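Have a look at protein_7.txt; it's compact mmCIF, C-alpha atoms (C1' of nucleotides):
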# COMPACT_ATOMS: atom_id res chain seq x y z
CA MET A 1 16.33 -35.73 39.75
CA SER A 2 12.60 -36.37 39.39
CA ILE A 3 11.19 -38.03 36.31
CA SER A 4 8.60 -36.68 33.96
CA LEU A 5 5.92 -38.86 32.37
CA ARG A 6 2.97 -38.32 30.13
CA PRO A 7 -0.26 -40.17 31.03
CA SER A 8 0.05 -42.77 28.30
CA GLN A 9 3.64 -43.42 29.28
CA ALA A 10 2.71 -43.82 32.94
CA LEU A 11 -0.01 -46.35 32.13
CA THR A 12 2.18 -48.20 29.64
CA LEU A 13 4.97 -48.48 32.17
CA TRP A 14 2.60 -49.77 34.81
CA HIS A 15 1.00 -52.15 32.36
CA SER A 16 4.30 -53.65 31.18
CA VAL A 17 5.55 -54.37 34.68
CA ASN A 18 2.17 -55.65 35.83
CA LEU A 19 1.79 -57.88 32.82
CA ALA A 20 5.17 -59.47 33.33
CA GLU A 21 4.23 -60.28 36.92
CA VAL A 22 0.87 -61.77 35.97
CA ARG A 23 2.19 -63.76 33.05
CA ASP A 24 4.99 -65.75 34.59
CA SER A 25 2.56 -66.67 37.36
CA ALA A 26 5.42 -67.44 39.71
CA PRO A 27 4.20 -67.49 43.32
CA ASP A 28 3.80 -63.75 43.17
CA LEU A 29 2.97 -61.26 45.86
CA THR A 30 -0.29 -59.52 46.65
CA MET A 31 -0.37 -55.76 46.32
CA ARG A 32 -0.43 -55.58 50.11
CA GLN A 33 2.45 -57.96 50.48
CA MET A 34 4.45 -55.95 47.99
CA ALA A 35 3.65 -52.74 49.87
CA ILE A 36 4.86 -54.32 53.10
CA LEU A 37 8.02 -55.66 51.52
CA LEU A 38 8.90 -52.33 49.94
CA THR A 39 8.24 -50.47 53.18
CA ILE A 40 10.63 -52.78 55.00
CA TYR A 41 13.32 -52.27 52.41
CA LEU A 42 12.88 -48.57 51.72
CA ASP A 43 11.88 -47.02 55.03
CA PRO A 44 14.35 -46.77 57.93
CA PRO A 45 14.15 -49.52 60.57
CA PRO A 46 13.09 -50.71 63.02
CA HIS A 47 9.84 -52.18 61.65
CA THR A 48 7.20 -53.71 63.90
CA VAL A 49 3.90 -55.41 63.15
CA ARG A 50 1.93 -52.60 64.70
CA GLY A 51 3.95 -49.94 62.93
CA LEU A 52 3.48 -51.56 59.54
CA ALA A 53 -0.24 -52.01 60.15
CA LYS A 54 -0.64 -48.34 60.92
CA HIS A 55 1.55 -47.30 58.02
CA LEU A 56 -0.49 -49.30 55.51
CA ASN A 57 -3.83 -48.63 57.18
CA VAL A 58 -4.66 -52.33 57.55
CA THR A 59 -5.29 -54.61 60.53
CA LYS A 60 -2.64 -56.54 62.40
CA PRO A 61 -3.56 -60.01 61.14
CA VAL A 62 -2.93 -58.81 57.62
CA ILE A 63 0.65 -58.01 58.57
CA THR A 64 1.17 -61.22 60.54
CA ARG A 65 -0.11 -63.37 57.71
CA ALA A 66 1.87 -61.51 55.08
CA LEU A 67 5.01 -61.94 57.17
CA ASP A 68 4.25 -65.66 57.51
CA THR A 69 4.03 -66.01 53.75
CA MET A 70 7.05 -63.86 52.98
CA GLY A 71 8.99 -65.54 55.75
CA ILE A 72 8.48 -68.91 54.08
CA MET A 73 9.68 -67.31 50.85
CA LYS A 74 12.68 -66.05 52.82
CA LEU A 75 12.00 -62.48 51.73
CA VAL A 76 11.97 -61.13 55.30
CA SER A 77 12.93 -62.37 58.76
CA ARG A 78 11.42 -61.86 62.20
CA HIS A 79 12.94 -61.85 65.64
CA ARG A 80 11.98 -60.59 69.08
CA ASP A 81 13.28 -57.25 70.21
CA PRO A 82 15.61 -58.10 73.14
CA ARG A 83 15.01 -54.69 74.72
CA ASP A 84 11.21 -55.09 74.76
CA ARG A 85 10.26 -58.68 74.22
CA ARG A 86 6.71 -57.80 73.24
CA ASN A 87 7.98 -56.33 69.99
CA VAL A 88 8.85 -58.27 66.89
CA ILE A 89 11.43 -56.68 64.67
CA ILE A 90 11.11 -57.38 60.98
CA SER A 91 14.28 -57.18 58.96
CA ARG A 92 15.64 -57.74 55.49
CA THR A 93 17.23 -60.81 54.02
CA VAL A 94 19.70 -61.40 51.23
CA ASN A 95 17.01 -63.24 49.33
CA GLY A 96 14.59 -60.34 49.67
CA ALA A 97 17.20 -57.85 48.51
CA ASN A 98 17.83 -59.97 45.43
CA TYR A 99 14.14 -60.26 44.72
CA LEU A 100 13.67 -56.49 44.81
CA GLU A 101 16.82 -55.91 42.82
CA ARG A 102 15.45 -58.03 40.01
CA PHE A 103 12.11 -56.30 40.30
CA ALA A 104 13.76 -52.89 40.02
CA ASP A 105 15.72 -54.02 36.98
CA ASN A 106 12.45 -55.05 35.40
CA ILE A 107 10.90 -51.63 35.98
CA ILE A 108 13.99 -49.92 34.62
CA ALA A 109 13.99 -52.08 31.50
CA LYS A 110 10.32 -51.35 30.82
CA GLY A 111 10.95 -47.64 31.32
CA ARG A 112 13.77 -47.73 28.83
CA GLU A 113 11.51 -49.35 26.24
CA LEU A 114 8.78 -46.73 26.60
CA PRO A 115 7.59 -45.34 23.25
CA HIS A 116 7.32 -41.65 22.51
CA MET B 1 11.45 -40.56 24.69
CA SER B 2 12.21 -43.37 27.11
CA ILE B 3 12.79 -42.71 30.78
CA SER B 4 15.82 -43.54 32.81
CA LEU B 5 15.63 -44.73 36.42
CA ARG B 6 18.05 -45.86 39.04
CA PRO B 7 17.05 -48.95 41.08
CA SER B 8 16.16 -47.05 44.22
CA GLN B 9 14.06 -44.65 42.18
CA ALA B 10 12.24 -47.48 40.45
CA LEU B 11 11.37 -49.13 43.76
CA THR B 12 10.39 -45.84 45.39
CA LEU B 13 8.10 -45.00 42.51
CA TRP B 14 6.47 -48.42 42.65
CA HIS B 15 6.17 -48.23 46.40
CA SER B 16 4.53 -44.80 46.42
CA VAL B 17 1.89 -45.74 43.91
CA ASN B 18 1.29 -49.11 45.52
CA LEU B 19 1.01 -47.63 48.98
CA ALA B 20 -1.56 -45.09 47.90
CA GLU B 21 -3.68 -47.90 46.44
CA VAL B 22 -3.43 -50.04 49.55
CA ARG B 23 -4.04 -47.24 51.97
CA ASP B 24 -7.25 -45.72 50.74
CA SER B 25 -8.66 -49.23 50.68
CA ALA B 26 -11.23 -48.24 48.15
CA PRO B 27 -12.61 -51.35 46.43
CA ASP B 28 -9.33 -51.73 44.63
CA LEU B 29 -8.37 -54.03 41.80
CA THR B 30 -6.36 -57.23 41.83
CA MET B 31 -3.12 -57.26 39.91
CA ARG B 32 -4.83 -59.44 37.32
CA GLN B 33 -7.82 -57.19 37.09
CA MET B 34 -5.54 -54.21 36.61
CA ALA B 35 -3.61 -56.04 33.91
CA ILE B 36 -6.87 -56.81 32.09
CA LEU B 37 -8.14 -53.26 32.41
CA LEU B 38 -4.91 -51.77 31.11
CA THR B 39 -4.80 -54.20 28.21
CA ILE B 40 -8.30 -53.17 27.19
CA TYR B 41 -7.43 -49.51 27.33
CA LEU B 42 -3.95 -49.62 25.83
CA ASP B 43 -4.03 -52.35 23.21
CA PRO B 44 -6.00 -51.95 19.99
CA PRO B 45 -9.49 -53.52 19.94
CA PRO B 46 -11.36 -55.72 19.54
CA HIS B 47 -10.88 -57.56 22.83
CA THR B 48 -12.41 -60.96 23.49
CA VAL B 49 -12.41 -63.22 26.54
CA ARG B 50 -10.27 -65.78 24.79
CA GLY B 51 -7.84 -63.19 23.48
CA LEU B 52 -7.37 -61.64 26.90
CA ALA B 53 -6.90 -65.04 28.52
CA LYS B 54 -4.17 -65.91 26.07
CA HIS B 55 -2.55 -62.50 26.36
CA LEU B 56 -2.33 -62.71 30.15
CA ASN B 57 -1.57 -66.43 30.24
CA VAL B 58 -4.54 -67.21 32.51
CA THR B 59 -7.66 -69.35 32.15
CA LYS B 60 -10.92 -68.12 30.66
CA PRO B 61 -12.93 -68.07 33.91
CA VAL B 62 -10.41 -65.65 35.34
CA ILE B 63 -11.30 -63.22 32.59
CA THR B 64 -15.05 -63.78 32.91
CA ARG B 65 -14.98 -63.20 36.66
CA ALA B 66 -12.77 -60.13 36.37
CA LEU B 67 -15.14 -58.71 33.78
CA ASP B 68 -18.08 -59.41 36.08
CA THR B 69 -16.42 -57.45 38.87
CA MET B 70 -15.22 -54.61 36.68
CA GLY B 71 -18.57 -54.51 34.91
CA ILE B 72 -20.30 -53.88 38.22
CA MET B 73 -17.78 -51.11 38.85
CA LYS B 74 -18.67 -49.81 35.37
CA LEU B 75 -15.01 -49.87 34.34
CA VAL B 76 -15.68 -51.96 31.22
CA SER B 77 -18.69 -53.06 29.20
CA ARG B 78 -19.51 -56.28 27.37
CA HIS B 79 -21.69 -56.98 24.38
CA ARG B 80 -22.06 -59.76 21.86
CA ASP B 81 -20.33 -59.46 18.54
CA PRO B 82 -23.22 -59.15 16.01
CA ARG B 83 -21.06 -60.67 13.25
CA ASP B 84 -20.25 -63.80 15.27
CA ARG B 85 -22.58 -64.14 18.19
CA ARG B 86 -20.27 -66.53 19.98
CA ASN B 87 -17.85 -63.70 20.65
CA VAL B 88 -18.14 -61.18 23.43
CA ILE B 89 -16.55 -57.82 22.70
CA ILE B 90 -15.17 -55.97 25.70
CA SER B 91 -14.98 -52.23 25.40
CA ARG B 92 -14.13 -49.13 27.37
CA THR B 93 -16.40 -46.89 29.36
CA VAL B 94 -16.25 -43.26 30.36
CA ASN B 95 -15.98 -44.34 33.96
CA GLY B 96 -13.06 -46.64 33.21
CA ALA B 97 -11.25 -43.92 31.27
CA ASN B 98 -11.66 -41.57 34.21
CA TYR B 99 -10.38 -44.20 36.62
CA LEU B 100 -7.23 -44.78 34.59
CA GLU B 101 -6.74 -41.08 34.04
CA ARG B 102 -6.66 -40.52 37.77
CA PHE B 103 -4.39 -43.50 38.19
CA ALA B 104 -1.97 -42.12 35.60
CA ASP B 105 -1.99 -38.72 37.29
CA ASN B 106 -1.06 -40.46 40.51
CA ILE B 107 1.91 -42.20 38.92
CA ILE B 108 3.04 -38.94 37.32
CA ALA B 109 2.79 -37.08 40.62
CA LYS B 110 4.83 -39.74 42.42
CA GLY B 111 7.43 -39.65 39.67
CA ARG B 112 7.72 -35.92 39.98
CA GLU B 113 8.34 -36.23 43.72
CA LEU B 114 11.12 -38.77 43.31
CA PRO B 115 14.25 -37.90 45.29
CA HIS B 116 17.72 -37.83 43.77
C1' DG C 1 3.04 -57.85 94.37
C1' DC C 2 -0.88 -56.65 91.42
C1' DA C 3 -3.76 -54.33 88.14
C1' DT C 4 -3.45 -52.34 83.69
C1' DA C 5 -1.67 -51.46 79.12
C1' DT C 6 0.71 -52.96 75.14
C1' DT C 7 2.28 -56.18 71.52
C1' DG C 8 2.01 -59.98 68.39
C1' DG C 9 -0.46 -64.08 67.34
C1' DT C 10 -4.56 -67.06 66.71
C1' DT C 11 -9.43 -68.37 66.01
C1' DC C 12 -13.67 -67.71 63.79
C1' DG C 13 -17.19 -67.21 60.18
C1' DG C 14 -17.54 -65.22 55.84
C1' DT C 15 -15.99 -63.69 51.27
C1' DT C 16 -13.33 -63.93 47.15
C1' DC C 17 -10.51 -66.11 44.00
C1' DC C 18 -8.58 -70.24 41.72
C1' DG C 19 -8.46 -74.11 37.90
C1' DT C 20 -10.91 -78.13 36.10
C1' DA C 21 -14.70 -79.68 34.10
C1' DA C 22 -19.13 -79.50 32.33
C1' DC C 23 -22.48 -76.61 29.89
C1' DA C 24 -25.41 -73.67 26.44
C1' DG C 25 -25.32 -71.07 22.43
C1' DT C 26 -23.44 -70.20 17.84
C1' DA C 27 -20.96 -71.12 13.55
C1' DT C 28 -19.21 -74.26 9.99
C1' DA C 29 -18.87 -78.13 6.91
C1' DA C 30 -20.40 -82.33 4.98
C1' DT D 1 -29.91 -81.75 8.53
C1' DT D 2 -26.47 -83.38 11.34
C1' DA D 3 -22.04 -83.72 13.25
C1' DT D 4 -18.25 -81.05 14.73
C1' DA D 5 -15.68 -77.05 16.38
C1' DC D 6 -15.55 -72.89 18.82
C1' DT D 7 -16.77 -69.19 22.47
C1' DG D 8 -18.10 -67.57 26.82
C1' DT D 9 -20.30 -68.90 31.21
C1' DT D 10 -21.35 -71.61 35.24
C1' DA D 11 -20.65 -75.45 38.98
C1' DC D 12 -17.74 -77.14 42.07
C1' DG D 13 -14.33 -78.24 45.66
C1' DG D 14 -10.37 -76.17 47.50
C1' DA D 15 -7.27 -72.49 48.86
C1' DA D 16 -6.22 -67.78 50.41
C1' DC D 17 -7.56 -63.72 52.42
C1' DC D 18 -10.39 -60.61 55.29
C1' DG D 19 -11.69 -58.05 59.94
C1' DA D 20 -13.43 -58.67 64.64
C1' DA D 21 -12.66 -60.70 68.71
C1' DC D 22 -10.00 -63.14 71.78
C1' DC D 23 -5.57 -64.99 73.83
C1' DA D 24 -0.66 -65.33 75.70
C1' DA D 25 3.38 -62.97 76.82
C1' DT D 26 5.61 -58.90 78.33
C1' DA D 27 6.10 -54.27 80.26
C1' DT D 28 4.66 -50.46 83.24
C1' DG D 29 2.68 -47.87 87.17
C1' DC D 30 0.97 -47.96 91.64
Can you present the structure in this file as structure tokens?
Amino acid sequence: MSISLRPSQALTLWHSVNLAEVRDSAPDLTMRQMAILLTIYLDPPPHTVRGLAKHLNVTKPVITRALDTMGIMKLVSRHRDPRDRRNVIISRTVNGANYLERFADNIIAKGRELPH
Amino acid sequence: MSISLRPSQALTLWHSVNLAEVRDSAPDLTMRQMAILLTIYLDPPPHTVRGLAKHLNVTKPVITRALDTMGIMKLVSRHRDPRDRRNVIISRTVNGANYLERFADNIIAKGRELPH
DNA sequence: GCATATTGGTTCGGTTCCGTAACAGTATAA
DNA sequence: TTATACTGTTACGGAACCGAACCAATATGC
């Protein structure tokens, strides 16, 4: 069940969601941070630093720092892989799931309000 | 003709578009810059620095700096209002219209590919 | 055991962005 | 004319982010 948009609708949808994020100026996420968070929640685990870096086409420190920030926000959690202790497995949290649930609701609401 | 999305679809759509932006690492725009650009192209003119700052709930220098950057990228243009030379009128460019057209096409394509 | 490879993290100098405050130019009103 | 208000820009110190290079810990192959 794909969705069908006209160009002005696509831009208006993007604009509405974006504007809401910018306006309330809560400690919001960078585009990269958001991409990382969504990858963790939408793509099948396990997720590692190296894997995420390759997937997003960015360097490792970008992932490490983003995980630091989002870890403090309790949006993701990290722990060592017991089977190969070099790896760090990144996993979801209840808080992160709630955050994305609210974000999705926001997108849905803006989509519903789209003009002709 | 509003659109209807389920939460997983909303997040997948956002993720796909976001990921494409992050990946190609072209000199991409900040969330704020994107919000400004879309406001200029979607809301009726005229657009001023002060008006945009109020609309986005940010300070004036944020707008000035974003316009500097996007001016260099030729996405927007600035000129003094001849009727009140204190005002700066921000207007669209062909290059900016093309940029947003491609961006909209990207959103539409990702929406079309959405799974059930 | 020992050399090598792999993984995540940290350090470094540099760049960009931020908000506050001060500033220059323009309009308005007395 | 002169004082005041308004608009956009610039300075400034601080914070966040960037990629390259390096480091510590762990695994693998001989």
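CA of Pro115 in chain B is positioned 25.2 Å from CA of Ile90 in chain A.
Shortest separation to Asp84 in chain B among D:DA27, D:DC17, D:DC12, D:DC6 occurs at residue D:DC6, atoms counted being all atoms listed in the file.
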Closest atom pairs, chain C residues within 12 Å of chain B, only C-alpha atoms (C1' of nucleotides), as CSV:
residue,atom,partner,partner_atom,distance
C:DT16,C1',B:Arg65,CA,10.6
C:DC17,C1',B:Val62,CA,8.7
C:DC18,C1',B:Val62,CA,8.1
C:DG19,C1',B:Thr59,CA,7.5
C:DT20,C1',B:Thr59,CA,10.2
C:DA21,C1',B:Pro61,CA,11.7
C:DA24,C1',B:Arg86,CA,10.9
C:DG25,C1',B:Arg86,CA,7.2
C:DT26,C1',B:Arg86,CA,5.3
C:DA27,C1',B:Asp84,CA,7.6
C:DT28,C1',B:Asp84,CA,11.8
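Using all atoms listed in the file for every distance, the candidate list B:Ala104, B:Val49, B:Val94, B:Leu42 yields B:Val49 as the residue closest to Arg80 in chain B.
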### Task
At a cut-off of 6 Å, list the chain B residues touching chain A, using only C-alpha atoms, as a PyMOL selection string.
chain B and resi 1-3+5+7+10-11+19+23+35+56-57+104+108+111-112+114+116
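Comparing the minimum interatomic distances between chain D and each of B:Thr64, B:Asp81, B:Arg92, B:Asp28, counting only C-alpha atoms (C1' of nucleotides), we find that B:Thr64 sits nearest.
Picture a line from CA of Leu52 in chain A to CA of Thr69 in chain A; it runs 15.6 Å.
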Using all atoms listed in the file, find each residue in chain D having at least one atom no more than 12 Å away from chain B; report its shortest atom-to-atom pair and that distance in Å (one decimal), rows by chain then rising number, as JSON lines.
{"residue": "D:DC6", "atom": "C1'", "partner": "B:Arg86", "partner_atom": "CA", "distance": 8.0}
{"residue": "D:DT7", "atom": "C1'", "partner": "B:Arg86", "partner_atom": "CA", "distance": 5.1}
{"residue": "D:DG8", "atom": "C1'", "partner": "B:Val49", "partner_atom": "CA", "distance": 7.2}
{"residue": "D:DT9", "atom": "C1'", "partner": "B:Thr64", "partner_atom": "CA", "distance": 7.5}
{"residue": "D:DT10", "atom": "C1'", "partner": "B:Pro61", "partner_atom": "CA", "distance": 9.2}
{"residue": "D:DA11", "atom": "C1'", "partner": "B:Pro61", "partner_atom": "CA", "distance": 11.8}
Pose of chain A fitted onto chain B, C-alpha LSQ, given as a short mmCIF file (atom, residue, chain, number, x, y, z; two decimals) with C-alpha atoms, in the frame of the given file:
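Final output, saved to part01.cif:
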data_model
loop_
_atom_site.label_atom_id
_atom_site.label_comp_id
_atom_site.auth_asym_id
_atom_site.auth_seq_id
_atom_site.Cartn_x
_atom_site.Cartn_y
_atom_site.Cartn_z
CA MET A 1 11.34 -40.42 24.67
CA SER A 2 12.14 -43.27 27.07
CA ILE A 3 12.73 -42.62 30.74
CA SER A 4 15.77 -43.47 32.75
CA LEU A 5 15.59 -44.69 36.35
CA ARG A 6 18.04 -45.87 38.93
CA PRO A 7 17.07 -48.97 40.95
CA SER A 8 16.20 -47.08 44.11
CA GLN A 9 14.09 -44.66 42.12
CA ALA A 10 12.25 -47.48 40.38
CA LEU A 11 11.41 -49.17 43.68
CA THR A 12 10.46 -45.89 45.34
CA LEU A 13 8.14 -45.02 42.49
CA TRP A 14 6.51 -48.43 42.63
CA HIS A 15 6.26 -48.27 46.39
CA SER A 16 4.61 -44.83 46.46
CA VAL A 17 1.92 -45.76 43.96
CA ASN A 18 1.34 -49.15 45.56
CA LEU A 19 1.12 -47.68 49.02
CA ALA A 20 -1.46 -45.13 47.98
CA GLU A 21 -3.60 -47.91 46.53
CA VAL A 22 -3.32 -50.09 49.63
CA ARG A 23 -3.91 -47.27 52.07
CA ASP A 24 -7.14 -45.77 50.86
CA SER A 25 -8.52 -49.31 50.73
CA ALA A 26 -11.17 -48.26 48.25
CA PRO A 27 -12.62 -51.31 46.48
CA ASP A 28 -9.37 -51.69 44.61
CA LEU A 29 -8.41 -53.99 41.80
CA THR A 30 -6.39 -57.18 41.84
CA MET A 31 -3.14 -57.19 39.92
CA ARG A 32 -4.84 -59.39 37.34
CA GLN A 33 -7.84 -57.15 37.09
CA MET A 34 -5.58 -54.16 36.61
CA ALA A 35 -3.65 -56.00 33.90
CA ILE A 36 -6.89 -56.78 32.10
CA LEU A 37 -8.17 -53.24 32.40
CA LEU A 38 -4.95 -51.73 31.10
CA THR A 39 -4.82 -54.18 28.20
CA ILE A 40 -8.33 -53.17 27.19
CA TYR A 41 -7.46 -49.50 27.31
CA LEU A 42 -3.97 -49.60 25.84
CA ASP A 43 -4.03 -52.36 23.24
CA PRO A 44 -6.00 -51.98 20.00
CA PRO A 45 -9.49 -53.54 19.94
CA PRO A 46 -11.34 -55.76 19.52
CA HIS A 47 -10.87 -57.61 22.83
CA THR A 48 -12.42 -61.00 23.50
CA VAL A 49 -12.44 -63.23 26.56
CA ARG A 50 -10.31 -65.83 24.85
CA GLY A 51 -7.88 -63.26 23.52
CA LEU A 52 -7.39 -61.67 26.92
CA ALA A 53 -6.93 -65.06 28.56
CA LYS A 54 -4.19 -65.95 26.12
CA HIS A 55 -2.58 -62.54 26.39
CA LEU A 56 -2.36 -62.73 30.18
CA ASN A 57 -1.62 -66.45 30.29
CA VAL A 58 -4.56 -67.21 32.58
CA THR A 59 -7.70 -69.34 32.23
CA LYS A 60 -11.00 -68.15 30.84
CA PRO A 61 -12.93 -68.07 34.12
CA VAL A 62 -10.41 -65.60 35.45
CA ILE A 63 -11.31 -63.22 32.64
CA THR A 64 -15.06 -63.80 32.95
CA ARG A 65 -15.03 -63.17 36.67
CA ALA A 66 -12.82 -60.11 36.38
CA LEU A 67 -15.16 -58.70 33.74
CA ASP A 68 -18.13 -59.39 36.03
CA THR A 69 -16.49 -57.42 38.82
CA MET A 70 -15.28 -54.58 36.64
CA GLY A 71 -18.60 -54.49 34.85
CA ILE A 72 -20.38 -53.85 38.15
CA MET A 73 -17.85 -51.08 38.78
CA LYS A 74 -18.70 -49.78 35.31
CA LEU A 75 -15.05 -49.84 34.29
CA VAL A 76 -15.69 -51.94 31.17
CA SER A 77 -18.70 -53.07 29.14
CA ARG A 78 -19.52 -56.28 27.30
CA HIS A 79 -21.67 -56.98 24.30
CA ARG A 80 -22.04 -59.77 21.76
CA ASP A 81 -20.27 -59.46 18.46
CA PRO A 82 -23.11 -59.17 15.90
CA ARG A 83 -20.93 -60.68 13.17
CA ASP A 84 -20.12 -63.82 15.20
CA ARG A 85 -22.49 -64.17 18.08
CA ARG A 86 -20.21 -66.56 19.93
CA ASN A 87 -17.80 -63.72 20.61
CA VAL A 88 -18.12 -61.18 23.36
CA ILE A 89 -16.51 -57.86 22.67
CA ILE A 90 -15.17 -56.00 25.67
CA SER A 91 -14.98 -52.25 25.36
CA ARG A 92 -14.14 -49.15 27.33
CA THR A 93 -16.41 -46.90 29.31
CA VAL A 94 -16.27 -43.26 30.31
CA ASN A 95 -16.01 -44.33 33.91
CA GLY A 96 -13.08 -46.62 33.18
CA ALA A 97 -11.27 -43.90 31.25
CA ASN A 98 -11.68 -41.56 34.21
CA TYR A 99 -10.44 -44.18 36.61
CA LEU A 100 -7.27 -44.75 34.60
CA GLU A 101 -6.77 -41.05 34.07
CA ARG A 102 -6.70 -40.51 37.81
CA PHE A 103 -4.42 -43.49 38.22
CA ALA A 104 -2.00 -42.09 35.64
CA ASP A 105 -2.02 -38.71 37.36
CA ASN A 106 -1.09 -40.47 40.57
CA ILE A 107 1.89 -42.19 38.95
CA ILE A 108 3.01 -38.94 37.38
CA ALA A 109 2.79 -37.10 40.69
CA LYS A 110 4.83 -39.75 42.48
CA GLY A 111 7.42 -39.65 39.70
CA ARG A 112 7.71 -35.91 40.04
CA GLU A 113 8.36 -36.25 43.77
CA LEU A 114 11.15 -38.79 43.33
CA PRO A 115 14.29 -37.92 45.31
CA HIS A 116 17.75 -37.85 43.80
#
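In this model, the gap between C1' of DT26 in chain D and CA of Lys74 in chain A comes to 27.4 Å.
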### Message
Counting all atoms listed in the file, find residues at most 10 Å from (-12.5, -58.7, 61.1) (file frame) and give them as a ChimeraX atom specification.
### Response
/A:59,61 /C:12-14 /D:18-21
Selection above as a file: C-alpha atoms (C1' of nucleotides), as a PDB file, in the coordinates of the input:
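again_26.pdb written:
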ATOM      1  CA  THR A  59      -5.290 -54.610  60.530  1.00  0.00           C
ATOM      2  CA  PRO A  61      -3.560 -60.010  61.140  1.00  0.00           C
TER       3      PRO A  61
ATOM      4  C1'  DC C  12     -13.670 -67.710  63.790  1.00  0.00           C
ATOM      5  C1'  DG C  13     -17.190 -67.210  60.180  1.00  0.00           C
ATOM      6  C1'  DG C  14     -17.540 -65.220  55.840  1.00  0.00           C
TER       7       DG C  14
ATOM      8  C1'  DC D  18     -10.390 -60.610  55.290  1.00  0.00           C
ATOM      9  C1'  DG D  19     -11.690 -58.050  59.940  1.00  0.00           C
ATOM     10  C1'  DA D  20     -13.430 -58.670  64.640  1.00  0.00           C
ATOM     11  C1'  DA D  21     -12.660 -60.700  68.710  1.00  0.00           C
TER      12       DA D  21
END
